[in-house]
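query-v9.txt (compact mmCIF, C-alpha atoms) appears below.
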# COMPACT_ATOMS: atom_id res chain seq x y z
CA MET A 9 12.94 131.35 -34.71
CA LYS A 10 11.67 129.03 -31.96
CA ASN A 11 8.14 127.63 -32.08
CA ILE A 12 6.21 127.96 -28.82
CA VAL A 13 3.03 126.01 -28.07
CA ILE A 14 1.07 127.23 -25.04
CA LEU A 15 -1.49 125.12 -23.15
CA ILE A 16 -4.25 126.77 -21.14
CA SER A 17 -7.48 125.82 -19.39
CA GLY A 18 -9.08 129.21 -18.74
CA ARG A 19 -8.59 132.89 -19.50
CA GLY A 20 -4.90 132.40 -20.17
CA SER A 21 -3.57 135.59 -18.58
CA ASN A 22 -0.06 134.16 -18.48
CA MET A 23 -0.39 133.17 -22.13
CA GLN A 24 -1.41 136.75 -22.87
CA ALA A 25 1.65 138.02 -21.01
CA ILE A 26 3.90 135.87 -23.20
CA VAL A 27 2.22 137.01 -26.41
CA ASN A 28 2.27 140.67 -25.38
CA ALA A 29 5.97 140.46 -24.50
CA GLU A 30 6.78 139.98 -28.21
CA ILE A 31 9.83 137.90 -27.35
CA PRO A 32 12.54 138.12 -30.03
CA ASN A 33 13.16 134.90 -31.97
CA ALA A 34 9.98 133.35 -30.54
CA ARG A 35 6.89 132.46 -32.54
CA ILE A 36 3.68 131.56 -30.73
CA ALA A 37 2.75 128.66 -33.00
CA ALA A 38 -0.47 127.69 -31.23
CA VAL A 39 -2.57 127.93 -28.10
CA LEU A 40 -4.26 124.67 -27.13
CA SER A 41 -6.74 123.85 -24.39
CA ASN A 42 -8.69 121.06 -22.75
CA ASN A 43 -11.63 123.45 -22.34
CA GLU A 44 -13.50 124.60 -25.43
CA ASN A 45 -14.94 127.52 -23.44
CA ALA A 46 -11.54 128.80 -22.31
CA ALA A 47 -11.60 132.57 -22.76
CA GLY A 48 -7.94 132.52 -23.73
CA LEU A 49 -8.74 130.68 -26.96
CA ALA A 50 -10.91 133.54 -28.20
CA TRP A 51 -8.25 136.07 -27.20
CA ALA A 52 -5.57 134.17 -29.15
CA THR A 53 -7.81 133.69 -32.18
CA GLU A 54 -8.49 137.43 -32.33
CA ARG A 55 -4.74 137.95 -32.63
CA GLY A 56 -4.29 135.48 -35.47
CA ILE A 57 -2.77 132.70 -33.37
CA ALA A 58 -3.75 129.13 -34.23
CA THR A 59 -5.94 127.51 -31.57
CA ASP A 60 -7.39 124.08 -30.93
CA CYS A 61 -9.16 122.21 -28.17
CA LEU A 62 -9.52 118.65 -26.92
CA ASN A 63 -12.13 117.91 -24.26
CA HIS A 64 -10.46 115.56 -21.79
CA LYS A 65 -13.88 114.23 -20.79
CA SER A 66 -14.20 112.66 -24.24
CA PHE A 67 -11.35 110.24 -23.56
CA GLY A 68 -11.40 106.99 -21.66
CA SER A 69 -8.17 107.58 -19.79
CA ARG A 70 -5.64 110.25 -18.94
CA LEU A 71 -3.12 108.57 -21.23
CA GLU A 72 -5.49 108.55 -24.21
CA PHE A 73 -6.08 112.27 -23.77
CA ASP A 74 -2.37 113.00 -23.43
CA GLN A 75 -1.56 110.99 -26.54
CA ALA A 76 -4.16 112.92 -28.54
CA MET A 77 -2.88 116.22 -27.18
CA MET A 78 0.69 115.26 -28.06
CA ARG A 79 -0.38 114.71 -31.66
CA LYS A 80 -1.93 118.17 -31.69
CA ILE A 81 1.20 119.72 -30.18
CA ASP A 82 3.61 117.89 -32.48
CA ALA A 83 1.83 119.23 -35.57
CA TYR A 84 3.35 122.61 -34.69
CA HIS A 85 6.92 121.27 -34.29
CA PRO A 86 7.43 122.94 -30.92
CA ASP A 87 10.80 123.92 -29.53
CA LEU A 88 9.10 124.75 -26.23
CA VAL A 89 5.76 123.80 -24.66
CA VAL A 90 4.48 126.13 -21.95
CA LEU A 91 1.84 125.12 -19.41
CA ALA A 92 0.21 128.46 -18.62
CA GLY A 93 -2.64 127.50 -16.32
CA PHE A 94 -3.20 124.08 -17.91
CA MET A 95 -5.20 122.30 -15.22
CA ARG A 96 -4.25 118.74 -15.97
CA ILE A 97 -1.93 116.26 -14.26
CA LEU A 98 0.28 114.95 -17.05
CA THR A 99 1.24 111.33 -17.62
CA PRO A 100 4.90 110.30 -17.50
CA GLU A 101 4.73 109.62 -21.25
CA PHE A 102 3.76 113.24 -21.93
CA CYS A 103 6.48 114.57 -19.64
CA ARG A 104 9.18 112.39 -21.17
CA ARG A 105 8.20 113.34 -24.73
CA TYR A 106 8.92 117.01 -24.06
CA GLU A 107 11.66 116.55 -21.49
CA GLY A 108 13.84 119.64 -21.27
CA ARG A 109 11.42 121.73 -23.34
CA LEU A 110 8.30 121.70 -21.17
CA ILE A 111 7.86 124.39 -18.53
CA ASN A 112 5.10 125.15 -16.04
CA ILE A 113 4.18 128.04 -13.79
CA HIS A 114 2.94 127.06 -10.34
CA PRO A 115 1.40 129.49 -7.81
CA SER A 116 3.57 128.65 -4.81
CA LEU A 117 7.19 128.68 -3.76
CA LEU A 118 8.02 125.09 -4.58
CA PRO A 119 8.70 122.64 -3.06
CA ALA A 120 6.06 124.03 -0.70
CA PHE A 121 2.39 123.50 -1.58
CA THR A 122 2.43 121.32 -4.65
CA GLY A 123 -0.95 120.70 -6.26
CA LEU A 124 -4.05 122.85 -5.83
CA HIS A 125 -5.36 125.54 -3.44
CA THR A 126 -1.88 126.88 -2.83
CA HIS A 127 -2.82 130.29 -1.44
CA GLU A 128 -5.42 128.90 0.95
CA ARG A 129 -2.84 126.44 2.23
CA ALA A 130 -0.23 129.17 2.63
CA LEU A 131 -2.66 131.16 4.78
CA GLU A 132 -3.56 128.11 6.86
CA ALA A 133 0.13 127.43 7.44
CA GLY A 134 0.72 130.99 8.65
CA CYS A 135 3.19 131.83 5.88
CA ARG A 136 4.49 135.41 5.82
CA ILE A 137 5.44 135.17 2.14
CA ALA A 138 3.89 133.51 -0.89
CA GLY A 139 4.83 133.41 -4.54
CA CYS A 140 5.19 131.47 -7.75
CA THR A 141 7.66 129.09 -9.36
CA ILE A 142 8.56 128.46 -12.98
CA HIS A 143 10.05 125.03 -13.49
CA PHE A 144 10.81 122.37 -16.03
CA VAL A 145 8.21 119.60 -15.90
CA THR A 146 9.09 116.05 -14.88
CA PRO A 147 6.83 113.06 -14.20
CA GLU A 148 6.80 113.87 -10.47
CA LEU A 149 4.15 116.53 -9.91
CA ASP A 150 5.53 120.05 -9.38
CA CYS A 151 9.01 118.76 -8.64
CA GLY A 152 11.05 119.60 -11.76
CA PRO A 153 14.16 121.81 -11.85
CA ILE A 154 13.33 125.38 -10.86
CA ILE A 155 13.97 128.15 -13.39
CA SER A 156 12.87 131.14 -11.32
CA GLN A 157 10.72 132.15 -8.38
CA GLY A 158 8.91 135.31 -7.36
CA VAL A 159 7.99 136.30 -3.82
CA VAL A 160 5.22 138.50 -2.42
CA PRO A 161 4.41 139.40 1.20
CA VAL A 162 1.42 137.99 3.04
CA TYR A 163 -0.37 140.60 5.14
CA ASP A 164 -2.38 140.01 8.29
CA ASN A 165 -5.72 140.78 6.65
CA ASP A 166 -5.03 138.90 3.41
CA THR A 167 -7.41 136.49 1.74
CA ALA A 168 -6.47 133.82 -0.77
CA ASP A 169 -7.87 136.06 -3.51
CA ASN A 170 -5.68 138.99 -2.41
CA ILE A 171 -2.59 136.81 -2.51
CA ALA A 172 -3.56 135.29 -5.86
CA ALA A 173 -3.88 138.74 -7.45
CA ARG A 174 -0.52 139.84 -6.03
CA VAL A 175 1.20 136.67 -7.18
CA LEU A 176 -0.35 136.87 -10.64
CA GLU A 177 1.37 140.20 -11.27
CA VAL A 178 4.70 138.52 -10.57
CA GLU A 179 3.81 135.56 -12.79
CA HIS A 180 3.17 137.93 -15.69
CA ARG A 181 6.73 139.24 -15.39
CA LEU A 182 8.59 136.02 -14.69
CA LEU A 183 7.04 133.68 -17.26
CA PRO A 184 7.84 135.77 -20.38
CA GLN A 185 11.40 136.17 -19.07
CA ALA A 186 11.74 132.41 -18.61
CA VAL A 187 10.49 131.82 -22.16
CA ALA A 188 12.96 134.42 -23.47
CA ASP A 189 15.82 132.80 -21.55
CA PHE A 190 14.91 129.40 -23.02
CA VAL A 191 14.62 130.75 -26.57
CA GLU A 192 18.03 132.42 -26.32
CA GLY A 193 19.65 129.26 -24.93
CA ARG A 194 20.46 130.74 -21.55
CA LEU A 195 18.99 127.88 -19.47
CA LYS A 196 21.03 124.78 -18.70
CA ILE A 197 19.71 121.90 -16.62
CA ASN A 198 22.34 120.45 -14.29
CA GLY A 199 20.80 117.60 -12.31
CA ASN A 200 17.89 119.15 -10.43
CA ARG A 201 19.20 122.69 -10.82
CA VAL A 202 18.80 125.19 -13.63
CA ILE A 203 21.76 127.42 -14.41
CA ASN A 204 21.12 130.68 -16.20
CA LEU A 205 24.16 131.25 -18.39
CA GLN A 206 23.53 134.99 -18.42
CA HIS A 207 23.27 135.70 -14.73
CA ARG A 208 21.31 138.86 -13.91
CA PRO A 209 19.95 140.24 -10.63
CA GLU A 210 16.42 139.55 -11.88
CA ASN A 211 17.21 135.84 -11.95
CA GLN A 212 17.11 135.96 -8.15
CA PRO A 213 13.85 135.53 -6.20
CA LEU A 214 11.72 138.59 -6.80
CA LEU A 215 10.17 140.39 -3.85
CA ALA A 216 7.24 142.44 -5.07
How does this structure look as structure tokens?
Amino acid sequence: MKNIVILISGRGSNMQAIVNAEIPNARIAAVLSNNENAAGLAWATERGIATDCLNHKSFGSRLEFDQAMMRKIDAYHPDLVVLAGFMRILTPEFCRRYEGRLINIHPSLLPAFTGLHTHERALEAGCRIAGCTIHFVTPELDCGPIISQGVVPVYDNDTADNIAARVLEVEHRLLPQAVADFVEGRLKINGNRVINLQHRPENQPLLA
């Protein structure tokens, strides 16, 4: 049984997708947040999952917050840490501590549109597709080895909200699968590439 710690900052819909997937051999050990008002904390608590919160504004530096959060995470002896809408830029110390067992979901087709406001930027750039990326986290923002990607079309009358909703549906399918692949030992990092040892058609970019 692998212990999973999930970090969120808001409603945690991707966290909910992982929990609801009931992944074999995976135990959701805790859901942690930097926002005490995150709706996802209440959702997890109602389902008997341990929760905790650290307000990043209470710390003098990003590193101090990360060190405190690492202590919280380590209390659950995690095999995998999942950033599921955790709206914090992590320090290199945090990334190195969980190297190879820290994954993130990002709402763009990396390496395009790292950072924030991804869907607005995709529209401004005239993109005809958008999507999401699940990747291992490294100290360089949104640049770690890619596990999987999902693709959605961009229509002429789309808004950023329309695209976000369409992409979120794909996120809810891809992230639980990535967690399951990790838990079952199917993911191997080779340089900046991730090899899935059990190749399946759904490992390819998903057009929804």
- Item | Residues within 6 Å of region 14-18 of chain A, only C-alpha atoms, excluding chain neighbours under 5 positions, as a PyMOL selection string | chain A and resi 39-43+46-47+89-95
- Query: In Å, how far is it from CA of Ser66 (chain A) to CA of Gly123 (chain A)?
  - Reply: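 Taking CA of Ser66 (chain A) as the start and CA of Gly123 (chain A) as the end point, the length is 23.7 Å.
Among the candidates A:Arg181, A:Arg201, A:His127, A:Arg174, the one nearest to Pro153 (chain A) when counting only C-alpha atoms is A:Arg201.
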- Message: What's the separation between CA of Ile154 (chain A) and CA of Thr141 (chain A), in Å to one decimal place?
- Response: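 Distance between the two atoms: 6.9 Å.
The nearest approach to Tyr84 (chain A) among the residues A:Leu195, A:Ile111, A:Leu62, A:Ile57, with all atoms listed in the file taken into account, belongs to A:Ile57.
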Which residues of region 167-191 of chain A come within 12 Å of region 26-31 of chain A, and for each one, what is the closest pair of atoms and their distance in Å to one decimal, counting only C-alpha atoms, sorted by chain and residue number, as a tab-separated table?
residue	atom	partner	partner_atom	distance
A:Glu179	CA	A:Ile26	CA	10.4
A:His180	CA	A:Ile26	CA	7.8
A:Arg181	CA	A:Ile26	CA	9.0
A:Leu182	CA	A:Ile26	CA	9.7
A:Leu183	CA	A:Ile26	CA	7.1
A:Pro184	CA	A:Ile26	CA	4.8
A:Gln185	CA	A:Ile26	CA	8.6
A:Ala186	CA	A:Ile26	CA	9.7
A:Val187	CA	A:Ile26	CA	7.8
A:Ala188	CA	A:Ile31	CA	6.1
A:Asp189	CA	A:Ile31	CA	9.8
A:Phe190	CA	A:Ile31	CA	10.8
A:Val191	CA	A:Ile31	CA	8.6
Write out, as a short mmCIF file (atom, residue, chain, number, x, y, z; two decimals), in the frame of the given file, the residues just selected, with C-alpha atoms.
data_model
loop_
_atom_site.label_atom_id
_atom_site.label_comp_id
_atom_site.auth_asym_id
_atom_site.auth_seq_id
_atom_site.Cartn_x
_atom_site.Cartn_y
_atom_site.Cartn_z
CA GLU A 179 3.81 135.56 -12.79
CA HIS A 180 3.17 137.93 -15.69
CA ARG A 181 6.73 139.24 -15.39
CA LEU A 182 8.59 136.02 -14.69
CA LEU A 183 7.04 133.68 -17.26
CA PRO A 184 7.84 135.77 -20.38
CA GLN A 185 11.40 136.17 -19.07
CA ALA A 186 11.74 132.41 -18.61
CA VAL A 187 10.49 131.82 -22.16
CA ALA A 188 12.96 134.42 -23.47
CA ASP A 189 15.82 132.80 -21.55
CA PHE A 190 14.91 129.40 -23.02
CA VAL A 191 14.62 130.75 -26.57
#
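If you look at CA of Glu192 (chain A) and CA of Ile36 (chain A), they are 15.0 Å away from each other.
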- Message: Counting only C-alpha atoms, find residues at most 10 Å from (0.4, 137.0, -11.3) (file frame) and give them as a ChimeraX atom specification.
- Response: /A:21-22,25,115,139-140,158,171-183
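Taking only C-alpha atoms into account, those protein, DNA and RNA residues with any atom at most 10 Å away from (7.1, 112.6, -26.8) amount to Gln75, Met78, Arg79, Ile81, Asp82, Pro100, Glu101, Phe102, Cys103, Arg104, Arg105, Tyr106 and Glu107 of chain A.
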Padding of 8 Å on every side, edges along x, y and z, all listed atoms of region 102-111 of chain A included: what centre and edge lengths in Å, to one decimal, does that box have, as JSON?
{"center_x": 8.8, "center_y": 118.4, "center_z": -21.6, "size_x": 26.1, "size_y": 28.0, "size_z": 22.2}
Ala138 (chain A) surroundings by all atoms listed in the file, 7 Å radius, close-in-sequence under 5 positions cut, as a PDB file with C-alpha atoms, in the coordinates of the input:
ATOM      1  CA  SER A 116       3.570 128.650  -4.810  1.00  0.00           C
ATOM      2  CA  LEU A 117       7.190 128.680  -3.760  1.00  0.00           C
ATOM      3  CA  ALA A 130      -0.230 129.170   2.630  1.00  0.00           C
ATOM      4  CA  VAL A 159       7.990 136.300  -3.820  1.00  0.00           C
ATOM      5  CA  VAL A 160       5.220 138.500  -2.420  1.00  0.00           C
ATOM      6  CA  PRO A 161       4.410 139.400   1.200  1.00  0.00           C
ATOM      7  CA  VAL A 162       1.420 137.990   3.040  1.00  0.00           C
TER       8      VAL A 162
END
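Considering the residues A:His143, A:Gly48, A:Asp164, A:Leu124 and counting all atoms listed in the file, Ile203 (chain A) has its shortest atom-to-atom contact with A:His143.
Comparing the minimum interatomic distances between Arg35 (chain A) and each of A:Met77, A:Ile12, A:Ala58, A:Ala83, counting all atoms listed in the file, we find that A:Ile12 sits nearest.
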- Message: So, with all atoms listed in the file as the atoms that count, which of A:Ile97, A:Leu88, A:Leu71, A:Val145 lies closest to Arg109 (chain A)?
- Response: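 That would be A:Leu88, the residue with the smallest distance to Arg109 (chain A).
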- Message: Here is a test: counting all atoms listed in the file, which residue of A:Thr146, A:Asn165, A:Gln24, A:Thr99 is nearest to Trp51 (chain A)?
- Response: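 Result for the nearest residue to Trp51 (chain A): A:Gln24.
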